[in-house]
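The structure file upload12.tsv is reproduced below (TSV, C-alpha atoms).
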chain	number	residue	atom	x	y	z
U	13	MET	CA	-16.65	18.94	24.95
U	14	LYS	CA	-19.64	19.74	22.72
U	15	ILE	CA	-20.26	17.38	19.82
U	16	TYR	CA	-19.37	19.93	17.10
U	17	ASP	CA	-16.06	20.68	18.80
U	18	GLU	CA	-15.43	16.96	19.05
U	19	LEU	CA	-15.99	16.55	15.31
U	20	VAL	CA	-13.44	19.30	14.68
U	21	ALA	CA	-10.98	17.77	17.16
U	22	ARG	CA	-11.29	14.40	15.45
U	23	GLY	CA	-10.42	16.00	12.10
U	24	LEU	CA	-13.81	15.38	10.53
U	25	VAL	CA	-14.84	18.89	9.48
U	26	ALA	CA	-13.36	20.37	6.32
U	27	GLN	CA	-15.73	23.09	5.09
U	28	VAL	CA	-19.01	24.49	6.34
U	29	THR	CA	-21.58	27.13	5.52
U	30	ASP	CA	-23.17	29.05	8.41
U	31	GLU	CA	-20.85	27.57	11.03
U	32	ASP	CA	-22.45	29.27	14.04
U	33	GLU	CA	-25.91	27.99	13.12
U	34	ILE	CA	-24.60	24.53	12.32
U	35	LYS	CA	-22.80	24.40	15.64
U	36	ASN	CA	-25.92	25.50	17.51
U	37	LEU	CA	-28.16	22.90	15.85
U	38	ILE	CA	-25.72	20.00	16.28
U	39	ASN	CA	-24.75	20.83	19.85
U	40	ASN	CA	-28.41	21.06	20.90
U	41	GLY	CA	-29.54	17.92	19.11
U	42	LYS	CA	-31.73	19.84	16.68
U	43	ALA	CA	-30.10	18.86	13.41
U	44	THR	CA	-32.01	16.66	10.98
U	45	PHE	CA	-29.27	15.78	8.52
U	46	TYR	CA	-28.78	13.47	5.61
U	47	ILE	CA	-25.95	11.59	3.95
U	48	GLY	CA	-26.45	9.93	0.58
U	49	PHE	CA	-25.32	6.44	-0.45
U	50	ASP	CA	-25.49	5.45	-4.11
U	51	PRO	CA	-26.09	1.67	-4.35
U	52	THR	CA	-23.29	0.79	-6.76
U	53	ALA	CA	-22.73	-2.64	-5.16
U	54	ASP	CA	-24.59	-5.07	-2.92
U	55	SER	CA	-22.49	-4.16	0.11
U	56	LEU	CA	-21.14	-1.05	1.77
U	57	HIS	CA	-17.33	-0.86	1.92
U	58	VAL	CA	-14.80	0.80	4.18
U	59	GLY	CA	-15.03	3.96	2.10
U	60	HIS	CA	-18.51	4.44	3.61
U	61	PHE	CA	-17.21	3.84	7.10
U	62	MET	CA	-16.52	7.45	8.04
U	63	ALA	CA	-20.03	8.55	7.05
U	64	LEU	CA	-21.65	5.74	9.06
U	65	CYS	CA	-19.54	6.53	12.13
U	66	LEU	CA	-20.41	10.22	11.82
U	67	MET	CA	-24.13	9.44	11.65
U	68	LYS	CA	-23.79	7.28	14.76
U	69	ARG	CA	-21.94	10.03	16.67
U	70	LEU	CA	-24.52	12.68	15.82
U	71	GLN	CA	-27.43	10.39	16.63
U	72	MET	CA	-25.88	9.64	20.03
U	73	ALA	CA	-25.84	13.41	20.60
U	74	GLY	CA	-29.61	13.62	19.95
U	75	ASN	CA	-29.60	14.58	16.26
U	76	LYS	CA	-31.73	12.80	13.65
U	77	PRO	CA	-30.01	11.12	10.70
U	78	ILE	CA	-31.58	10.44	7.33
U	79	ALA	CA	-29.86	7.73	5.32
U	80	LEU	CA	-30.66	8.54	1.71
U	81	LEU	CA	-30.40	5.58	-0.64
U	82	GLY	CA	-29.73	6.66	-4.21
U	83	GLY	CA	-32.18	4.46	-6.06
U	84	GLY	CA	-32.78	7.37	-8.43
U	85	THR	CA	-29.32	8.96	-8.68
U	86	GLY	CA	-27.92	5.46	-9.06
U	87	MET	CA	-29.61	5.39	-12.45
U	88	ILE	CA	-27.35	8.28	-13.49
U	89	GLY	CA	-24.04	7.81	-11.68
U	90	ASP	CA	-21.88	10.37	-9.87
U	91	PRO	CA	-18.96	11.57	-12.04
U	92	SER	CA	-16.95	12.71	-8.98
U	93	GLY	CA	-13.52	11.12	-8.87
U	94	ARG	CA	-14.14	8.98	-11.95
U	95	SER	CA	-12.20	8.92	-15.21
U	96	ASP	CA	-14.98	7.24	-17.18
U	97	MET	CA	-18.71	6.67	-17.08
U	98	ARG	CA	-20.01	4.18	-14.52
U	99	GLN	CA	-21.58	1.02	-15.92
U	100	MET	CA	-25.36	1.35	-16.10
U	101	MET	CA	-27.32	-0.82	-13.65
U	102	THR	CA	-30.79	-2.25	-14.04
U	103	PRO	CA	-33.58	-1.09	-11.68
U	104	GLU	CA	-33.66	-4.62	-10.23
U	105	THR	CA	-29.96	-4.54	-9.38
U	106	ILE	CA	-30.27	-1.10	-7.81
U	107	GLN	CA	-33.20	-2.22	-5.65
U	108	HIS	CA	-31.31	-5.33	-4.52
U	109	ASN	CA	-28.31	-3.22	-3.57
U	110	CYS	CA	-30.54	-0.80	-1.63
U	111	ASP	CA	-32.00	-3.71	0.33
U	112	CYS	CA	-28.49	-4.89	1.25
U	113	PHE	CA	-27.50	-1.38	2.37
U	114	LYS	CA	-30.52	-1.16	4.67
U	115	GLU	CA	-29.53	-4.28	6.57
U	116	GLN	CA	-25.92	-3.17	7.03
U	117	MET	CA	-26.74	0.39	8.07
U	118	SER	CA	-28.97	-0.88	10.86
U	119	LYS	CA	-25.84	-2.07	12.69
U	120	PHE	CA	-24.71	1.55	13.03
U	121	ILE	CA	-27.89	3.59	13.17
U	122	ASP	CA	-30.99	3.17	15.34
U	123	PHE	CA	-33.94	3.32	12.94
U	124	SER	CA	-36.58	2.83	15.62
U	125	GLU	CA	-39.58	5.18	15.72
U	126	GLY	CA	-38.60	8.84	15.38
U	127	LYS	CA	-34.85	8.35	15.81
U	128	ALA	CA	-33.75	8.08	12.17
U	129	LEU	CA	-35.13	7.70	8.67
U	130	MET	CA	-34.13	5.68	5.67
U	131	VAL	CA	-35.52	6.96	2.38
U	132	ASN	CA	-34.91	6.32	-1.29
U	133	ASN	CA	-34.64	9.20	-3.77
U	134	ALA	CA	-36.25	7.01	-6.43
U	135	ASP	CA	-39.51	7.89	-4.68
U	136	TRP	CA	-39.39	11.41	-6.13
U	137	LEU	CA	-36.77	11.39	-8.89
U	138	MET	CA	-38.35	8.60	-10.94
U	139	ASP	CA	-41.66	10.46	-11.19
U	140	LEU	CA	-40.25	13.81	-12.27
U	141	ASN	CA	-41.60	15.37	-15.46
U	142	TYR	CA	-38.67	16.41	-17.65
U	143	VAL	CA	-40.05	19.77	-18.80
U	144	GLU	CA	-41.25	20.59	-15.29
U	145	LEU	CA	-37.79	19.79	-13.91
U	146	LEU	CA	-36.16	22.07	-16.45
U	147	ARG	CA	-38.48	24.93	-15.55
U	148	GLU	CA	-38.71	24.50	-11.78
U	149	VAL	CA	-35.17	23.35	-10.97
U	150	GLY	CA	-32.92	23.78	-14.01
U	151	SER	CA	-33.58	27.53	-14.15
U	152	HIS	CA	-31.74	27.95	-10.82
U	153	PHE	CA	-28.45	26.48	-12.11
U	154	SER	CA	-25.79	28.29	-14.12
U	155	VAL	CA	-24.05	26.03	-16.65
U	156	ASN	CA	-20.95	28.23	-16.51
U	157	ARG	CA	-20.78	27.80	-12.77
U	158	MET	CA	-21.44	24.07	-12.93
U	159	LEU	CA	-18.52	23.63	-15.30
U	160	THR	CA	-16.17	25.13	-12.71
U	161	ALA	CA	-17.02	22.34	-10.26
U	162	GLU	CA	-14.06	20.03	-9.70
U	163	CYS	CA	-16.16	16.90	-10.29
U	164	TYR	CA	-16.89	18.09	-13.85
U	165	LYS	CA	-13.55	19.74	-14.64
U	166	GLN	CA	-11.74	16.43	-14.14
U	167	ARG	CA	-13.91	14.79	-16.78
U	168	MET	CA	-14.09	17.47	-19.45
U	169	GLU	CA	-11.03	16.27	-21.38
U	170	LYS	CA	-12.07	12.61	-21.49
U	171	GLY	CA	-15.72	13.35	-22.01
U	172	LEU	CA	-18.66	14.04	-19.72
U	173	SER	CA	-22.04	12.65	-20.73
U	174	PHE	CA	-25.16	14.80	-20.52
U	175	LEU	CA	-26.57	12.08	-18.26
U	176	GLU	CA	-23.80	12.58	-15.69
U	177	PHE	CA	-23.95	16.35	-16.06
U	178	ASN	CA	-27.39	16.20	-14.48
U	179	TYR	CA	-26.12	14.51	-11.32
U	180	MET	CA	-25.55	17.81	-9.50
U	181	ILE	CA	-29.13	18.89	-10.25
U	182	MET	CA	-30.50	15.57	-9.01
U	183	GLN	CA	-28.48	15.68	-5.79
U	184	SER	CA	-29.50	19.27	-5.18
U	185	TYR	CA	-33.13	18.34	-5.71
U	186	ASP	CA	-32.73	15.59	-3.12
U	187	PHE	CA	-31.92	18.17	-0.43
U	188	TYR	CA	-34.87	20.30	-1.51
U	189	GLU	CA	-37.25	17.31	-1.24
U	190	LEU	CA	-35.84	16.19	2.12
U	191	PHE	CA	-36.13	19.75	3.44
U	192	GLN	CA	-39.77	19.95	2.33
U	193	LYS	CA	-40.89	16.47	3.38
U	194	TYR	CA	-38.86	15.74	6.50
U	195	GLY	CA	-37.56	19.06	7.79
U	196	CYS	CA	-34.01	18.11	6.87
U	197	ASN	CA	-31.95	21.22	7.64
U	198	MET	CA	-28.42	19.95	7.06
U	199	GLN	CA	-26.46	17.78	4.64
U	200	PHE	CA	-23.11	16.06	5.08
U	201	GLY	CA	-20.81	14.67	2.43
U	202	GLY	CA	-17.23	14.15	1.36
U	203	ASP	CA	-14.94	16.96	0.31
U	204	ASP	CA	-15.39	15.81	-3.30
U	205	GLN	CA	-19.13	16.57	-2.98
U	206	TRP	CA	-18.82	20.24	-2.00
U	207	SER	CA	-20.10	21.69	-5.30
U	208	ASN	CA	-23.08	19.33	-5.41
U	209	MET	CA	-23.95	20.13	-1.81
U	210	LEU	CA	-23.74	23.87	-2.30
U	211	GLY	CA	-26.14	23.45	-5.21
U	212	GLY	CA	-28.72	21.94	-2.86
U	213	THR	CA	-28.33	24.69	-0.27
U	214	GLU	CA	-28.69	27.39	-2.91
U	215	LEU	CA	-31.69	25.69	-4.55
U	216	ILE	CA	-33.61	25.70	-1.25
U	217	ARG	CA	-32.82	29.33	-0.57
U	218	ARG	CA	-33.70	30.45	-4.10
U	219	LYS	CA	-37.02	28.62	-4.18
U	220	LEU	CA	-38.05	29.18	-0.56
U	221	GLY	CA	-36.29	32.41	0.32
U	222	LYS	CA	-32.92	33.31	1.80
U	223	ASN	CA	-34.15	32.74	5.34
U	224	ALA	CA	-34.77	29.05	4.68
U	225	CYS	CA	-32.59	27.03	7.02
U	226	ALA	CA	-30.37	24.86	4.82
U	227	MET	CA	-26.79	24.18	5.72
U	228	THR	CA	-23.85	22.25	4.39
U	229	ILE	CA	-20.84	20.56	5.93
U	230	THR	CA	-18.18	18.35	4.38
U	231	LEU	CA	-16.04	15.67	5.92
U	232	LEU	CA	-12.28	15.86	5.82
U	233	LEU	CA	-10.61	13.17	3.74
U	234	ASN	CA	-13.84	11.41	2.84
U	235	SER	CA	-12.68	11.23	-0.78
U	236	GLU	CA	-9.62	9.39	0.58
U	237	GLY	CA	-12.04	7.24	2.49
U	238	LYS	CA	-13.57	6.10	-0.78
U	239	LYS	CA	-10.12	5.01	-1.93
U	240	MET	CA	-9.75	3.08	1.30
U	241	GLY	CA	-12.41	0.71	-0.01
U	242	LYS	CA	-9.95	-0.72	-2.52
U	243	THR	CA	-6.78	-2.73	-1.96
U	244	GLN	CA	-4.46	-4.51	-4.35
U	245	SER	CA	-6.44	-7.72	-3.97
U	246	GLY	CA	-9.91	-6.18	-4.28
U	247	ALA	CA	-12.50	-4.31	-2.26
U	248	VAL	CA	-12.82	-4.31	1.54
U	249	TRP	CA	-16.50	-4.82	2.21
U	250	LEU	CA	-18.61	-4.63	5.35
U	251	ASP	CA	-20.45	-7.80	4.33
U	252	PRO	CA	-18.70	-10.75	6.08
U	253	GLU	CA	-19.51	-12.98	3.10
U	254	LYS	CA	-17.38	-10.72	0.90
U	255	THR	CA	-14.67	-9.71	3.40
U	256	SER	CA	-14.34	-11.98	6.42
U	257	PRO	CA	-13.93	-10.46	9.90
U	258	PHE	CA	-10.33	-11.72	9.87
U	259	GLU	CA	-9.60	-10.01	6.56
U	260	PHE	CA	-11.32	-6.87	7.79
U	261	TYR	CA	-9.20	-6.90	10.95
U	262	GLN	CA	-6.03	-7.48	8.94
U	263	TYR	CA	-6.84	-4.56	6.64
U	264	TRP	CA	-6.86	-2.11	9.56
U	265	ARG	CA	-3.99	-3.88	11.33
U	266	ASN	CA	-1.82	-3.11	8.32
U	267	VAL	CA	-2.56	0.59	7.78
U	268	GLY	CA	0.52	2.78	7.42
U	269	ASP	CA	2.29	4.21	10.47
U	270	ALA	CA	1.43	7.73	9.32
U	271	ASP	CA	-2.31	6.95	9.16
U	272	VAL	CA	-3.03	4.83	12.22
U	273	LEU	CA	-3.61	7.61	14.76
U	274	LYS	CA	-5.58	9.63	12.23
U	275	CYS	CA	-7.85	6.62	11.66
U	276	ILE	CA	-8.24	6.02	15.40
U	277	ARG	CA	-9.22	9.64	15.89
U	278	MET	CA	-11.70	9.75	13.00
U	279	LEU	CA	-13.26	6.31	13.11
U	280	THR	CA	-13.24	4.88	16.62
U	281	PHE	CA	-15.37	5.93	19.57
U	282	LEU	CA	-12.47	5.93	22.01
U	283	PRO	CA	-12.29	9.07	24.19
U	284	LEU	CA	-10.18	11.85	22.73
U	285	GLU	CA	-8.17	12.00	25.94
U	286	GLN	CA	-7.09	8.39	25.44
U	287	ILE	CA	-6.22	9.03	21.80
U	288	ASP	CA	-4.26	12.17	22.68
U	289	GLU	CA	-2.03	10.04	24.90
U	290	MET	CA	-1.13	7.97	21.83
U	291	ASP	CA	0.16	10.99	19.91
U	292	SER	CA	3.65	10.44	21.30
U	293	TRP	CA	3.69	6.73	20.44
U	294	GLU	CA	6.31	5.55	17.99
U	295	GLY	CA	8.11	2.41	16.89
U	296	SER	CA	6.63	-0.77	18.35
U	297	GLN	CA	3.94	1.28	20.11
U	298	LEU	CA	2.42	2.04	16.71
U	299	ASN	CA	1.87	-1.70	16.24
U	300	LYS	CA	-0.15	-1.66	19.44
U	301	ALA	CA	-2.12	1.32	18.09
U	302	LYS	CA	-2.85	-0.65	14.91
U	303	GLU	CA	-4.15	-3.56	16.98
U	304	ILE	CA	-6.42	-1.17	18.88
U	305	LEU	CA	-7.70	0.33	15.62
U	306	ALA	CA	-8.31	-3.08	14.04
U	307	PHE	CA	-10.12	-4.45	17.10
U	308	GLU	CA	-12.34	-1.40	17.63
U	309	LEU	CA	-13.46	-1.20	14.00
U	310	THR	CA	-13.97	-4.95	13.63
U	311	LYS	CA	-16.09	-4.83	16.80
U	312	LEU	CA	-18.18	-2.01	15.31
U	313	VAL	CA	-18.90	-3.89	12.10
U	314	HIS	CA	-18.92	-7.55	13.12
U	315	GLY	CA	-19.43	-7.55	16.89
U	316	GLU	CA	-17.07	-8.12	19.82
U	317	GLU	CA	-16.97	-11.92	19.54
U	318	GLU	CA	-15.81	-11.83	15.90
U	319	ALA	CA	-13.33	-9.07	16.74
U	320	GLN	CA	-11.79	-11.24	19.47
U	321	LYS	CA	-11.56	-14.22	17.12
U	322	ALA	CA	-9.90	-12.09	14.46
U	323	GLU	CA	-7.44	-10.66	16.98
U	324	GLU	CA	-6.51	-14.13	18.26
U	325	ALA	CA	-6.14	-15.45	14.71
U	326	ALA	CA	-3.90	-12.56	13.72
U	327	LYS	CA	-1.63	-13.12	16.74
U	328	ALA	CA	-1.48	-16.85	16.06
U	329	LEU	CA	-0.64	-16.21	12.43
U	330	PHE	CA	2.16	-13.84	13.42
U	331	SER	CA	3.70	-16.25	15.92
U	332	THR	CA	3.21	-19.62	14.18
U	333	GLY	CA	2.22	-18.85	10.61
U	334	VAL	CA	-1.11	-20.65	11.08
U	335	ALA	CA	-4.46	-19.30	12.27
U	336	ALA	CA	-7.63	-21.26	13.03
U	337	ASN	CA	-9.87	-18.46	11.84
U	338	MET	CA	-7.92	-17.63	8.71
U	339	PRO	CA	-10.16	-16.99	5.66
U	340	THR	CA	-10.52	-20.13	3.58
U	341	THR	CA	-10.92	-20.86	-0.12
U	342	GLU	CA	-12.30	-24.19	-1.29
U	343	LEU	CA	-11.11	-25.63	-4.60
U	344	SER	CA	-13.26	-27.99	-6.65
U	345	ARG	CA	-12.03	-30.87	-8.77
U	346	GLU	CA	-12.52	-28.71	-11.86
U	347	ASP	CA	-9.81	-26.36	-10.59
U	348	PHE	CA	-7.16	-29.09	-11.07
U	349	THR	CA	-5.66	-30.24	-14.34
U	350	GLU	CA	-4.38	-33.80	-14.25
U	351	GLY	CA	-4.37	-33.63	-10.47
U	352	GLN	CA	-2.41	-30.38	-10.23
U	353	ILE	CA	-2.96	-26.63	-9.98
U	354	ASP	CA	-0.35	-24.09	-11.02
U	355	ILE	CA	0.70	-21.28	-8.69
U	356	LEU	CA	-0.74	-18.49	-10.86
U	357	THR	CA	-4.18	-20.10	-10.89
U	358	LEU	CA	-3.90	-20.88	-7.18
U	359	LEU	CA	-3.28	-17.23	-6.31
U	360	LEU	CA	-6.16	-16.16	-8.52
U	361	LYS	CA	-8.59	-18.73	-7.07
U	362	ALA	CA	-7.56	-17.71	-3.54
U	363	GLU	CA	-8.46	-14.10	-4.43
U	364	LEU	CA	-5.00	-12.90	-3.42
U	365	VAL	CA	-4.57	-11.31	-6.86
U	366	THR	CA	-6.95	-9.99	-9.49
U	367	SER	CA	-5.08	-11.33	-12.52
U	368	LYS	CA	-2.40	-13.82	-13.47
U	369	SER	CA	-0.10	-11.00	-14.51
U	370	GLU	CA	-0.34	-9.61	-10.95
U	371	ALA	CA	0.39	-13.12	-9.63
U	372	ARG	CA	3.45	-13.38	-11.86
U	373	ARG	CA	4.79	-10.04	-10.62
U	374	ALA	CA	4.25	-11.04	-6.99
U	375	ILE	CA	6.26	-14.25	-7.48
U	376	GLU	CA	9.06	-12.48	-9.35
U	377	GLN	CA	9.28	-9.92	-6.54
U	378	GLY	CA	9.58	-12.68	-3.92
U	379	GLY	CA	6.25	-11.97	-2.28
U	380	VAL	CA	4.56	-15.39	-2.48
U	381	VAL	CA	4.87	-18.08	0.19
U	382	VAL	CA	3.15	-21.48	0.35
U	383	GLU	CA	3.41	-23.40	3.63
U	384	ASN	CA	6.32	-21.21	4.77
U	385	GLU	CA	8.26	-21.88	1.55
U	386	LYS	CA	8.90	-18.98	-0.81
U	387	VAL	CA	7.76	-19.67	-4.37
U	388	THR	CA	10.22	-18.41	-6.99
U	389	ASP	CA	9.11	-20.39	-10.05
U	390	ILE	CA	6.09	-19.02	-11.91
U	391	LYS	CA	5.53	-22.53	-13.32
U	392	ALA	CA	5.34	-24.18	-9.90
U	393	ALA	CA	2.39	-26.54	-9.42
U	394	PHE	CA	0.81	-28.37	-6.48
U	395	ALA	CA	-0.86	-31.78	-6.34
U	396	ASP	CA	-4.49	-32.04	-5.27
U	397	THR	CA	-3.47	-34.34	-2.40
U	398	ALA	CA	-1.57	-31.46	-0.80
U	399	PHE	CA	-4.84	-29.61	-0.18
U	400	VAL	CA	-6.61	-32.29	1.86
U	401	ASP	CA	-5.71	-30.58	5.15
U	402	GLY	CA	-5.25	-27.21	3.50
U	403	LEU	CA	-2.27	-25.14	2.39
U	404	VAL	CA	-1.56	-21.65	3.74
U	405	VAL	CA	-0.86	-19.30	0.86
U	406	LYS	CA	0.54	-15.83	1.52
U	407	LYS	CA	1.04	-12.83	-0.72
U	408	GLY	CA	3.20	-10.18	0.89
U	409	LYS	CA	2.84	-9.51	4.60
U	410	LYS	CA	-0.83	-8.60	4.58
U	411	ASN	CA	-2.74	-11.21	2.58
U	412	PHE	CA	-3.27	-14.80	3.69
U	413	ARG	CA	-5.56	-17.67	2.67
U	414	LYS	CA	-5.96	-21.27	3.67
U	415	VAL	CA	-6.78	-23.26	0.55
U	416	ILE	CA	-8.43	-26.67	0.76
U	417	ALA	CA	-9.82	-29.08	-1.81
U	418	LYS	CA	-13.33	-30.48	-1.54
Let's see the structure in the file written out as structure tokens.
Amino acid sequence: MKIYDELVARGLVAQVTDEDEIKNLINNGKATFYIGFDPTADSLHVGHFMALCLMKRLQMAGNKPIALLGGGTGMIGDPSGRSDMRQMMTPETIQHNCDCFKEQMSKFIDFSEGKALMVNNADWLMDLNYVELLREVGSHFSVNRMLTAECYKQRMEKGLSFLEFNYMIMQSYDFYELFQKYGCNMQFGGDDQWSNMLGGTELIRRKLGKNACAMTITLLLNSEGKKMGKTQSGAVWLDPEKTSPFEFYQYWRNVGDADVLKCIRMLTFLPLEQIDEMDSWEGSQLNKAKEILAFELTKLVHGEEEAQKAEEAAKALFSTGVAANMPTTELSREDFTEGQIDILTLLLKAELVTSKSEARRAIEQGGVVVENEKVTDIKAAFADTAFVDGLVVKKGKKNFRKVIAK
């Protein structure tokens, strides 16, 4: 099966322009394509996972990826899918985040000589002259048409800043620069980026002529992928210091029955023939599919050894309630008041909840267990001596922590 057909079969292609030409370039390893990553944090999260896996697949087929770090667009902020304006970041924070992204991306993409590029759009956006930009780029964009874009329509009622309104122009200019400097002939992005991506394709063709080779493709469900980066207890990061391999494994082990095969198809590198055989799986077989998904993705991000440890820990936790490799939280003496810590603070310190009100609801709903004993009293407290060997604290079926005192 050709690589483009495989992308379609895996459910990764939502919309395209110039499908025949795109198919020809990708199948023959002649695509130089880019995907953008705005550095809004110091780690990539699982919402970026689909894009990274796609870049890896296409590179394996001989195509050349460009990972575009948004050091410039990060100064503005993408309004897509947001109900309010993103908090402004300093240039120093943005640069730090870009440096962190580079290290993590190298686990997926081969950046050795000639095989891939990593560039930062700050290199051209930060030096733009405002009047020149208005004349050379702004003249190719219709405000009426921009306002019909879904990313802007969703924000019109609550307020869209002029700063954010320029994001589409900046992203479009990125494609133009990459086309000019690096021969980038294709761009990929989530289905929520379609309007911005079309803007880049049209800008190239208007400035360089209709015969300029510039193509666009979007990924199915990538906007859902961004939501996958968040759980009730916080974000699921690719950085093991933020989300341990065990927690990462558990996240995928606990995906819904309706999503597990879709995730295996989109995100793993298992042969399609093997995945097709799973289509008829149901009941307990879906649990096996979840274990396969969790192991394969943990192996991709953290390596096979960590994936095996996480798998063994998860099985031990299921059978005995205790796991050697369970993520651990250390409490300091300052966390105790008169030698005790209350259950609400304990849940918060263990990062199983994001607020005490969430902790209170979890207890009232019967979802909190400490050392295999359900906690029903929101005023329950535990002595510091109980944490010498560690206490296992659970919230629901998915979230576990071993808590020890220094």
- [ ] Tell me, in Å to one decimal, how far atom CA of Asp30 of chain U is from atom CA of Leu64 of chain U.
- [x]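 Here the two named atoms are 23.4 Å from each other.
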Open item on the list: Please compute the atom CA of Phe258 of chain U-atom CA of Leu358 of chain U distance, one decimal, in Å.
Closed with: 20.4 Å
Can you find the residues with an atom no farther than 12 Å from (-38.8, 26.4, -3.2), counting all atoms listed in the file, and report them as a short mmCIF file (atom, residue, chain, number, x, y, z; two decimals) with C-alpha atoms, in the coordinates of the input?
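In the end it all went to result30.cif:
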data_model
loop_
_atom_site.label_atom_id
_atom_site.label_comp_id
_atom_site.auth_asym_id
_atom_site.auth_seq_id
_atom_site.Cartn_x
_atom_site.Cartn_y
_atom_site.Cartn_z
CA GLU U 148 -38.71 24.50 -11.78
CA VAL U 149 -35.17 23.35 -10.97
CA HIS U 152 -31.74 27.95 -10.82
CA SER U 184 -29.50 19.27 -5.18
CA TYR U 185 -33.13 18.34 -5.71
CA PHE U 187 -31.92 18.17 -0.43
CA TYR U 188 -34.87 20.30 -1.51
CA GLU U 189 -37.25 17.31 -1.24
CA LEU U 190 -35.84 16.19 2.12
CA PHE U 191 -36.13 19.75 3.44
CA GLN U 192 -39.77 19.95 2.33
CA GLY U 212 -28.72 21.94 -2.86
CA THR U 213 -28.33 24.69 -0.27
CA GLU U 214 -28.69 27.39 -2.91
CA LEU U 215 -31.69 25.69 -4.55
CA ILE U 216 -33.61 25.70 -1.25
CA ARG U 217 -32.82 29.33 -0.57
CA ARG U 218 -33.70 30.45 -4.10
CA LYS U 219 -37.02 28.62 -4.18
CA LEU U 220 -38.05 29.18 -0.56
CA GLY U 221 -36.29 32.41 0.32
CA LYS U 222 -32.92 33.31 1.80
CA ASN U 223 -34.15 32.74 5.34
CA ALA U 224 -34.77 29.05 4.68
CA CYS U 225 -32.59 27.03 7.02
CA ALA U 226 -30.37 24.86 4.82
#
Open item on the list: One decimal, in Å: what's the spacing between atom CA of Phe120 of chain U and atom CA of Lys68 of chain U?
Closed with: 6.1 Å
TODO: Find, counting only C-alpha atoms, the residue in U:Val405, U:Ile78, U:Leu37, U:Cys110 that gets nearest to Phe123 of chain U.
DONE: U:Ile78
Task: Nearest to Ile34 of chain U by atom-to-atom distance, counting only C-alpha atoms, from U:Val58, U:Ile15, U:Ile287, U:Ala301 - done: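 Checking each of U:Val58, U:Ile15, U:Ile287, U:Ala301 against Ile34 of chain U, counting only C-alpha atoms, the winner is U:Ile15.
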Open item on the list: I need the residue nearest Gln116 of chain U from this list: U:Asn266, U:Ser55, U:Gln199, U:Asn411. Use all atoms listed in the file for the distance.
Closed with: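 Once distances to Gln116 of chain U are computed over all atoms listed in the file, the minimum belongs to U:Ser55.
With distances restricted to all atoms listed in the file, U:Thr397 is the closest residue to Glu350 of chain U from U:Asn141, U:Thr397, U:Ser369, U:Gln320.
Omitting Gly201 of chain U and its sequence neighbours fewer than 6 positions away, and counting only C-alpha atoms, the residues within 9 Å are Tyr46, Ile47, Gly48, Ala63, Met209, Thr228, Ile229, Thr230, Leu231 and Asn234 of chain U.
When all atoms listed in the file are used to compute distances to Lys119 of chain U, the closest of the residues U:Tyr263, U:Tyr164, U:Phe61, U:Phe174 turns out to be U:Phe61.
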Open item on the list: as a list in words, please: the residues near Leu24 of chain U (cut-off 6 Å, all atoms listed in the file, same-chain neighbours under 2 positions excluded).
Closed with: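 With the cut-off at 6 Å, the set is Leu19, Val20, Arg22, Leu231 and Leu232 of chain U.
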Open item on the list: Ranking U:Asp354, U:Glu323, U:Glu383, U:Asp389 by minimum distance to Gly402 of chain U and counting all atoms listed in the file, which one comes first?
Closed with: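 Going through U:Asp354, U:Glu323, U:Glu383, U:Asp389 one by one, the smallest distance to Gly402 of chain U is for U:Glu383.
For Lys302 of chain U, the set of protein, DNA and RNA residues having any atom at most 9 Å away, when counting all atoms listed in the file and skipping those fewer than 4 positions along the same chain, is Trp264, Arg265, Asn266, Val267, Gly268, Asp269, Val272, Leu273, Ile276, Gln297, Leu298, Ala306 and Phe307 of chain U.
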Around all the atoms of segment 203-206 of chain U listed in the file, draw an axis-aligned box and extend it by 3 Å on each of the six sides; I want its centre and edge lengths in Å to one decimal, as JSON.
{"center_x": -17.0, "center_y": 18.0, "center_z": -1.5, "size_x": 10.2, "size_y": 10.4, "size_z": 9.6}
- [ ] Show which residues sit within 12 Å of Glu125 of chain U, as a list in words. Count all atoms listed in the file, and ignore same-chain residues fewer than 4 positions away.
- [x]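 Neighbouring residues, sequence-local ones excluded: Lys76, Leu129 and Met130 of chain U.
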Hey, what's within 7 Å of Leu309 of chain U if we count only C-alpha atoms and toss same-chain stuff fewer than 4 positions away? As a PDB file with C-alpha atoms, in the frame of the given file, please?
ATOM      1  CA  THR U 280     -13.240   4.880  16.620  1.00  0.00           C
ATOM      2  CA  LEU U 305      -7.700   0.330  15.620  1.00  0.00           C
ATOM      3  CA  VAL U 313     -18.900  -3.890  12.100  1.00  0.00           C
TER       4      VAL U 313
END
